[in-house]
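Below: one structure, written as structure tokens.
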Amino acid sequence: MIKINKPQAEAELMRFVGTEAYVHSEATSFVFVRNFKVKVTHAYLAGEAPSFRAALRFDGHGWLRMEALTHFETDEYGRLLLAGYDDRGRMHTALHLGKEPFPE
């Protein structure tokens with residue numbers, strides 16, 4: 001993963017608008033959601049380096065927002081992987097989007 005470059009990460013996030021996507025989202029020790037299938041209707045990436053927040057509106061009536069995101073990549077399967085790491089390299093938040101279900 002590389003540090004978030006806002007224009008690049010935002011472009012990758014926007015690829016999912018208007019499509020059905022599987023969501024993996026977690027906030028360490030608090031929330032874990034995997035393979036929640038939604039139709040993404042809006043996507044936003046806000047903030048300034050080193051920490052960003054992403055918001056997804058899905059099915060026209062629900063929102064998911066993740067904060068403290070610092071890194072991203074698009075993997076060989078076209079999945080967008082966003083994560084937030086602390087200064088010791090520990091992941092605390094994650095938001096992943098893909099066209100296919102994530103491995104269980």
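Ordering of the structure tokens sets the chain letters (A, B, ...), residue numbers begin anew at 1 in every chain, and ligands are numbered from 1 in the order given.
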Taking the DSSP assignment computed from this structure's backbone, write out as a ChimeraX atom specification all residues of chain A that belong to strand (DSSP E). /A:2-3,20-27,31-48,51-58,62-69,71-74,80-85,91-98
What's the 12 Å shell around stretch 11-22 of chain A, counting only C-alpha atoms, without same-chain residues fewer than 5 positions away, as JSON, numbers by chain? {"A": [4, 5, 6, 33, 34, 35, 36, 37, 38, 39, 40, 41, 42, 43, 44, 45, 46, 53, 54, 55, 56, 57, 58, 59, 60, 72, 73, 74, 75, 78, 79, 80, 81, 82, 95, 96, 97, 98, 99, 100, 101, 102, 103]}
For A:Tyr85, list every protein, DNA or RNA residue within 8 Å, evaluated using only C-alpha atoms, and leave out those in the same chain fewer than 3 positions away; present the list as a PyMOL selection string. chain A and resi 68-71+88-93
Prev. selection, N, CA and C atoms, output as an mmCIF file, in the first residue's frame:
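Output contents, as saved in part-v2.cif:
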```
data_model
loop_
_atom_site.group_PDB
_atom_site.id
_atom_site.type_symbol
_atom_site.label_atom_id
_atom_site.label_comp_id
_atom_site.auth_asym_id
_atom_site.auth_seq_id
_atom_site.Cartn_x
_atom_site.Cartn_y
_atom_site.Cartn_z
ATOM 1 N N ALA A 68 -9.799 8.417 9.184
ATOM 2 C CA ALA A 68 -8.404 8.108 9.519
ATOM 3 C C ALA A 68 -7.760 7.166 8.502
ATOM 4 N N LEU A 69 -8.123 7.313 7.225
ATOM 5 C CA LEU A 69 -7.520 6.508 6.165
ATOM 6 C C LEU A 69 -6.225 7.163 5.700
ATOM 7 N N THR A 70 -5.180 6.374 5.565
ATOM 8 C CA THR A 70 -3.864 6.915 5.226
ATOM 9 C C THR A 70 -3.229 6.289 3.987
ATOM 10 N N HIS A 71 -3.643 5.080 3.610
ATOM 11 C CA HIS A 71 -3.003 4.340 2.520
ATOM 12 C C HIS A 71 -4.049 3.710 1.599
ATOM 13 N N ARG A 88 2.906 3.625 14.274
ATOM 14 C CA ARG A 88 3.681 2.402 14.537
ATOM 15 C C ARG A 88 3.404 1.330 13.482
ATOM 16 N N GLY A 89 2.643 1.698 12.431
ATOM 17 C CA GLY A 89 2.373 0.772 11.344
ATOM 18 C C GLY A 89 1.245 -0.207 11.590
ATOM 19 N N ARG A 90 0.442 0.034 12.620
ATOM 20 C CA ARG A 90 -0.689 -0.849 12.918
ATOM 21 C C ARG A 90 -1.940 -0.340 12.204
ATOM 22 N N MET A 91 -2.665 -1.253 11.546
ATOM 23 C CA MET A 91 -3.891 -0.876 10.868
ATOM 24 C C MET A 91 -5.015 -0.698 11.887
ATOM 25 N N HIS A 92 -5.736 0.406 11.743
ATOM 26 C CA HIS A 92 -6.859 0.675 12.642
ATOM 27 C C HIS A 92 -8.191 0.744 11.917
ATOM 28 N N THR A 93 -8.176 1.105 10.643
ATOM 29 C CA THR A 93 -9.408 1.167 9.865
ATOM 30 C C THR A 93 -9.161 0.597 8.473
#
```
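Separating atom CA of A:Ala94 from atom CA of A:Phe30 is a distance of 11.8 Å.
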Just asking: which residues within chain A are helix (DSSP H, G or I) according to DSSP, as a PyMOL selection string? chain A and resi 6-14
